[in-house]
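File shown: model.pdb (PDB, C-alpha atoms).
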```pdb
ATOM      1  CA  MET A   1     139.232 101.437  93.904
ATOM      2  CA  ASP A   2     137.176 104.289  92.518
ATOM      3  CA  SER A   3     137.481 107.896  93.639
ATOM      4  CA  ASN A   4     134.533 107.396  95.960
ATOM      5  CA  GLY A   5     136.367 104.792  98.057
ATOM      6  CA  VAL A   6     133.918 102.620  99.941
ATOM      7  CA  VAL A   7     130.439 101.735  98.719
ATOM      8  CA  GLU A   8     128.104 101.215 101.679
ATOM      9  CA  TRP A   9     124.805  99.362 101.308
ATOM     10  CA  ALA A  10     121.794  98.160 103.246
ATOM     11  CA  VAL A  11     118.502  96.423 102.528
ATOM     12  CA  VAL A  12     115.422  98.138 103.944
ATOM     13  CA  GLU A  13     111.789  97.109 103.926
ATOM     14  CA  SER A  14     109.291  99.253 102.037
ATOM     15  CA  ASP A  15     105.664  99.170 100.925
ATOM     16  CA  ILE A  16     106.847  97.614  97.644
ATOM     17  CA  GLY A  17     109.150  95.024  99.205
ATOM     18  CA  PRO A  18     112.820  95.032 100.169
ATOM     19  CA  LEU A  19     114.956  97.775  98.628
ATOM     20  CA  MET A  20     118.735  97.760  98.518
ATOM     21  CA  LEU A  21     120.307 101.191  98.837
ATOM     22  CA  ALA A  22     123.959 101.851  98.056
ATOM     23  CA  ALA A  23     125.913 105.056  98.649
ATOM     24  CA  THR A  24     129.383 106.443  98.064
ATOM     25  CA  GLU A  25     130.856 109.532  99.699
ATOM     26  CA  THR A  26     129.358 111.494  96.761
ATOM     27  CA  GLY A  27     125.810 110.308  97.447
ATOM     28  CA  LEU A  28     123.214 107.652  96.785
ATOM     29  CA  VAL A  29     124.477 105.552  93.854
ATOM     30  CA  GLY A  30     121.955 102.737  93.636
ATOM     31  CA  VAL A  31     118.423 101.650  94.508
ATOM     32  CA  VAL A  32     117.473  98.053  93.759
ATOM     33  CA  PHE A  33     113.900  96.703  93.844
ATOM     34  CA  HIS A  34     112.904  93.278  95.197
ATOM     35  CA  ALA A  35     116.269  92.955  96.976
ATOM     36  CA  ARG A  36     115.942  89.315  97.959
ATOM     37  CA  PRO A  37     119.347  87.603  98.421
ATOM     38  CA  GLU A  38     119.846  86.515  94.776
ATOM     39  CA  ILE A  39     118.904  89.948  93.384
ATOM     40  CA  ARG A  40     120.913  91.736  96.083
ATOM     41  CA  ASP A  41     123.996  89.604  95.349
ATOM     42  CA  ARG A  42     123.736  90.318  91.601
ATOM     43  CA  ALA A  43     123.458  94.061  92.359
ATOM     44  CA  LEU A  44     126.508  93.889  94.643
ATOM     45  CA  ASP A  45     128.498  92.165  91.867
ATOM     46  CA  GLN A  46     127.481  94.946  89.457
ATOM     47  CA  LEU A  47     128.513  97.648  91.952
ATOM     48  CA  ARG A  48     131.861  95.898  92.486
ATOM     49  CA  ASP A  49     132.449  95.633  88.730
ATOM     50  CA  ARG A  50     131.242  99.114  87.757
ATOM     51  CA  LEU A  51     132.702 101.129  90.653
ATOM     52  CA  GLY A  52     135.837  99.094  91.328
ATOM     53  CA  ALA A  53     135.109  99.069  95.050
ATOM     54  CA  GLU A  54     134.114  96.328  97.462
ATOM     55  CA  PRO A  55     130.598  97.076  98.746
ATOM     56  CA  VAL A  56     130.324  96.989 102.544
ATOM     57  CA  GLU A  57     127.073  96.223 104.351
ATOM     58  CA  ALA A  58     126.445  99.209 106.616
ATOM     59  CA  PRO A  59     122.782  99.485 107.696
ATOM     60  CA  GLY A  60     123.585 102.160 110.307
ATOM     61  CA  SER A  61     125.760 104.173 107.934
ATOM     62  CA  ALA A  62     125.548 107.945 108.061
ATOM     63  CA  ARG A  63     125.575 107.873 104.231
ATOM     64  CA  LEU A  64     122.374 105.799 104.227
ATOM     65  CA  THR A  65     120.493 107.434 107.117
ATOM     66  CA  GLU A  66     118.978 110.254 105.072
ATOM     67  CA  PRO A  67     118.037 108.137 102.027
ATOM     68  CA  ILE A  68     116.346 105.624 104.363
ATOM     69  CA  ARG A  69     114.522 108.435 106.194
ATOM     70  CA  GLN A  70     113.355 110.102 102.968
ATOM     71  CA  LEU A  71     112.159 106.825 101.428
ATOM     72  CA  ALA A  72     110.154 106.036 104.584
ATOM     73  CA  ALA A  73     108.592 109.523 104.430
ATOM     74  CA  TYR A  74     107.814 109.040 100.714
ATOM     75  CA  PHE A  75     105.976 105.773 101.398
ATOM     76  CA  ALA A  76     104.185 107.393 104.353
ATOM     77  CA  GLY A  77     102.905 110.059 101.946
ATOM     78  CA  THR A  78     104.676 112.934 103.728
ATOM     79  CA  LEU A  79     107.540 113.474 101.232
ATOM     80  CA  ARG A  80     106.879 114.516  97.651
ATOM     81  CA  GLU A  81     110.368 115.533  96.538
ATOM     82  CA  PHE A  82     113.647 113.830  97.391
ATOM     83  CA  SER A  83     116.521 116.092  98.373
ATOM     84  CA  LEU A  84     119.458 113.720  98.391
ATOM     85  CA  ASP A  85     123.001 113.946  97.121
ATOM     86  CA  LEU A  86     123.183 111.581  94.149
ATOM     87  CA  ASP A  87     126.203 109.839  92.673
ATOM     88  CA  TRP A  88     125.530 109.650  88.915
ATOM     89  CA  SER A  89     128.621 107.544  88.154
ATOM     90  CA  LEU A  90     126.587 104.459  87.079
ATOM     91  CA  THR A  91     125.075 106.328  84.133
ATOM     92  CA  ALA A  92     126.502 108.554  81.418
ATOM     93  CA  GLY A  93     125.778 110.371  78.175
ATOM     94  CA  PHE A  94     122.221 110.409  76.847
ATOM     95  CA  ASN A  95     120.932 108.169  79.645
ATOM     96  CA  ARG A  96     122.276 110.507  82.339
ATOM     97  CA  GLN A  97     120.880 113.548  80.511
ATOM     98  CA  VAL A  98     117.412 111.956  80.340
ATOM     99  CA  LEU A  99     117.482 110.774  83.966
ATOM    100  CA  GLN A 100     118.578 114.192  85.222
ATOM    101  CA  GLU A 101     115.765 115.846  83.249
ATOM    102  CA  LEU A 102     113.323 113.338  84.720
ATOM    103  CA  ALA A 103     114.552 114.059  88.262
ATOM    104  CA  ARG A 104     114.251 117.835  87.707
ATOM    105  CA  GLY A 105     111.202 118.072  85.551
ATOM    106  CA  VAL A 106     108.579 115.438  86.418
ATOM    107  CA  PRO A 107     107.237 116.140  89.904
ATOM    108  CA  TYR A 108     105.316 113.933  92.316
ATOM    109  CA  GLY A 109     101.825 113.182  91.057
ATOM    110  CA  ALA A 110     102.685 113.954  87.419
ATOM    111  CA  VAL A 111     103.657 111.764  84.488
ATOM    112  CA  ALA A 112     105.536 112.359  81.242
ATOM    113  CA  GLY A 113     105.660 110.396  78.004
ATOM    114  CA  TYR A 114     108.794 108.783  76.624
ATOM    115  CA  GLY A 115     108.585 111.055  73.557
ATOM    116  CA  GLU A 116     108.063 114.139  75.712
ATOM    117  CA  LEU A 117     111.257 113.414  77.648
ATOM    118  CA  ALA A 118     113.130 112.868  74.381
ATOM    119  CA  GLU A 119     111.981 116.321  73.205
ATOM    120  CA  ARG A 120     112.957 117.922  76.520
ATOM    121  CA  VAL A 121     116.559 116.782  76.073
ATOM    122  CA  GLY A 122     116.656 117.940  72.454
ATOM    123  CA  GLN A 123     116.299 114.492  70.858
ATOM    124  CA  PRO A 124     112.781 114.342  69.393
ATOM    125  CA  GLY A 125     112.143 110.908  67.985
ATOM    126  CA  ALA A 126     114.320 109.198  70.600
ATOM    127  CA  ALA A 127     111.420 107.782  72.633
ATOM    128  CA  GLN A 128     112.811 104.236  72.436
ATOM    129  CA  ALA A 129     116.195 105.459  73.672
ATOM    130  CA  VAL A 130     114.395 107.169  76.563
ATOM    131  CA  GLY A 131     112.792 103.811  77.346
ATOM    132  CA  ALA A 132     116.247 102.233  77.427
ATOM    133  CA  ALA A 133     117.451 105.017  79.748
ATOM    134  CA  MET A 134     114.543 104.293  82.099
ATOM    135  CA  GLY A 135     115.420 100.601  82.042
ATOM    136  CA  SER A 136     118.998 101.325  83.036
ATOM    137  CA  ASN A 137     118.127 103.830  85.803
ATOM    138  CA  PRO A 138     120.413 103.037  88.756
ATOM    139  CA  LEU A 139     118.327 105.241  91.097
ATOM    140  CA  PRO A 140     114.661 104.268  90.641
ATOM    141  CA  LEU A 141     112.153 105.882  93.007
ATOM    142  CA  VAL A 142     114.532 108.777  93.708
ATOM    143  CA  VAL A 143     114.899 109.383  89.965
ATOM    144  CA  PRO A 144     111.231 108.615  89.272
ATOM    145  CA  CYS A 145     111.178 106.447  86.152
ATOM    146  CA  HIS A 146     107.810 105.112  87.346
ATOM    147  CA  ARG A 147     106.393 108.490  86.232
ATOM    148  CA  VAL A 148     107.205 107.828  82.558
ATOM    149  CA  VAL A 149     104.271 106.400  80.597
ATOM    150  CA  GLU A 150     103.247 105.719  77.013
ATOM    151  CA  SER A 151     101.721 108.561  74.990
ATOM    152  CA  ASP A 152      98.553 106.533  74.369
ATOM    153  CA  GLY A 153      97.898 106.316  78.100
ATOM    154  CA  GLY A 154      99.476 102.884  78.562
ATOM    155  CA  ILE A 155     101.507 102.374  81.717
ATOM    156  CA  GLY A 156     104.668 101.389  79.802
ATOM    157  CA  GLY A 157     107.404  99.135  81.108
ATOM    158  CA  PHE A 158     109.183  99.168  84.439
ATOM    159  CA  GLY A 159     112.281  97.440  85.756
ATOM    160  CA  GLY A 160     110.624  96.872  89.109
ATOM    161  CA  GLY A 161     107.623  95.181  87.496
ATOM    162  CA  LEU A 162     104.309  96.628  86.377
ATOM    163  CA  GLU A 163     102.571  95.925  89.695
ATOM    164  CA  THR A 164     105.246  97.954  91.508
ATOM    165  CA  LYS A 165     104.816 100.779  88.972
ATOM    166  CA  ARG A 166     101.044 100.723  89.550
ATOM    167  CA  GLN A 167     101.566 100.852  93.337
ATOM    168  CA  LEU A 168     103.908 103.856  93.053
ATOM    169  CA  LEU A 169     101.581 105.735  90.694
ATOM    170  CA  ALA A 170      98.650 104.986  93.038
ATOM    171  CA  LEU A 171     100.674 106.273  96.015
ATOM    172  CA  GLU A 172     101.231 109.515  94.100
ATOM    173  CA  GLY A 173      97.549 109.786  93.166
ATOM    174  CA  VAL A 174      98.077 109.246  89.422
ATOM    175  CA  LEU A 175      96.182 105.944  89.360
ATOM    176  CA  PRO A 176      93.314 104.801  91.573
ATOM    177  CA  GLU A 177      94.252 102.570  94.507
ATOM    178  CA  PRO A 178      93.928  98.892  93.586
ATOM    179  CA  LEU A 179      90.638  97.358  94.727
ATOM    180  CA  PHE A 180      92.401  94.359  96.272
TER     181      PHE A 180
END
```
Write the structure described by the file as structure tokens, please.
Amino acid sequence: MDSNGVVEWAVVESDIGPLMLAATETGLVGVVFHARPEIRDRALDQLRDRLGAEPVEAPGSARLTEPIRQLAAYFAGTLREFSLDLDWSLTAGFNRQVLQELARGVPYGAVAGYGELAERVGQPGAAQAVGAAMGSNPLPLVVPCHRVVESDGGIGGFGGGLETKRQLLALEGVLPEPLF
């Protein structure tokens, strides 16, 4: 068992499909896109393996109430900055440094390039490593990896799928709303 004891989780509906949220006593530890049963079960196995704790389904959990409320407000367009306690234990080293800089330094409605983030953490030339950090982000949405784009204006990759990335950037006013 890890120092955080129990990992509580729930699946909630959102404008981009079902999201699985997981929290420890430290804070939100995971957000998983497209949390259909097979994806949810894989995420639960990863939490079990990485945190050494048995995840417990707890949709009414006090630990999850505020993350659920803030995500609903984000999708409603009334929340532009998350203020949640985060448990960073699923990331370390360079990846954690990059993700923390992203969370601090790329606000709602803005985007940053992979290379720009690499420079911000003192590793110019590490754009590909920044891409890998985005791909391993355990807290997407809250740590807004959807706001990281290619320097040539391309949308870049996204663990939740490019259509989800487009929807999130449209919600934040970075891209036009899709026509259909």
Any chance you could tabulate, as a Markdown table, the residues of segment 10-66 of chain A at most 8 Å from segment 82-92 of chain A with each one's nearest atom pair and distance in Å to one decimal, using only C-alpha atoms, in chain and rising number order?
```
| residue | atom | partner | partner_atom | distance |
| --- | --- | --- | --- | --- |
| A:Ala23 | CA | A:Asp87 | CA | 7.7 |
| A:Thr24 | CA | A:Asp87 | CA | 7.1 |
| A:Thr26 | CA | A:Asp87 | CA | 5.4 |
| A:Gly27 | CA | A:Leu86 | CA | 4.4 |
| A:Leu28 | CA | A:Leu86 | CA | 4.7 |
| A:Val29 | CA | A:Asp87 | CA | 4.8 |
| A:Arg50 | CA | A:Leu90 | CA | 7.1 |
| A:Leu51 | CA | A:Leu90 | CA | 7.8 |
| A:Glu66 | CA | A:Leu84 | CA | 7.5 |
```
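A straight line drawn from atom CA of Ala110 of chain A to atom CA of Thr164 of chain A is 16.7 Å long.
Residues matching the PyMOL selection byres ((chain A and resi 32-39) around 8) in this structure come to A:Val11, A:Ile16, A:Gly17, A:Pro18, A:Leu19, A:Met20, A:Leu21, A:Gly30, A:Val31, A:Arg40, A:Asp41, A:Arg42, A:Ala43, A:Pro138, A:Leu139, A:Pro140, A:Gly160.
Using all atoms listed in the file, the smallest distance between any of A:Leu162, A:Ile68, A:Val143, A:Ala62 and Val12 of chain A comes from A:Ile68.
When atom CA of Gly135 of chain A is paired with atom CA of Gly159 of chain A, their separation reads 5.8 Å.
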Next on the checklist: Show me the residues around (112.7, 104.4, 101.7) - criterion: an atom at most 8 Å away, only C-alpha atoms counted - as a ChimeraX atom specification.
Outcome noted: /A:12-14,19,67-75
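Taken over the shown file, the PyMOL selection byres ((chain A and resi 147) around 9) identifies Leu102, Val106, Pro107, Tyr108, Gly109, Ala110, Val111, Ala112, Gly113, Pro144, Cys145, His146, Val148, Val149, Lys165, Leu168, Leu169 and Val174 of chain A.
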The residue from A:Val121, A:Leu141, A:Ala22, A:Leu171 with the smallest atom-to-atom distance to Ser61 of chain A, counting all atoms listed in the file, is A:Ala22
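Comparing A:Gly156, A:Pro59, A:Gly5, A:Gly115 by their smallest distance to Ala129 of chain A, the closest is A:Gly115 (using all atoms listed in the file).
In this comparison, which uses only C-alpha atoms, the residue of A:Ile155, A:Leu44, A:Ala126, A:Ala133 approaching Leu99 of chain A most closely is A:Ala133.
Our summary of the geometry notes that atom CA of Gly52 of chain A is positioned 9.5 Å from atom CA of Val7 of chain A.
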If you count only C-alpha atoms, the residue of A:Pro124, A:Gln167, A:Glu116, A:Thr65 closest to Ser151 of chain A turns out to be A:Glu116
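Take the candidates A:Leu79, A:Ala103, A:Ala127, A:Ala10 and check each one against Ala58 of chain A using all atoms listed in the file; the shortest distance goes to A:Ala10.
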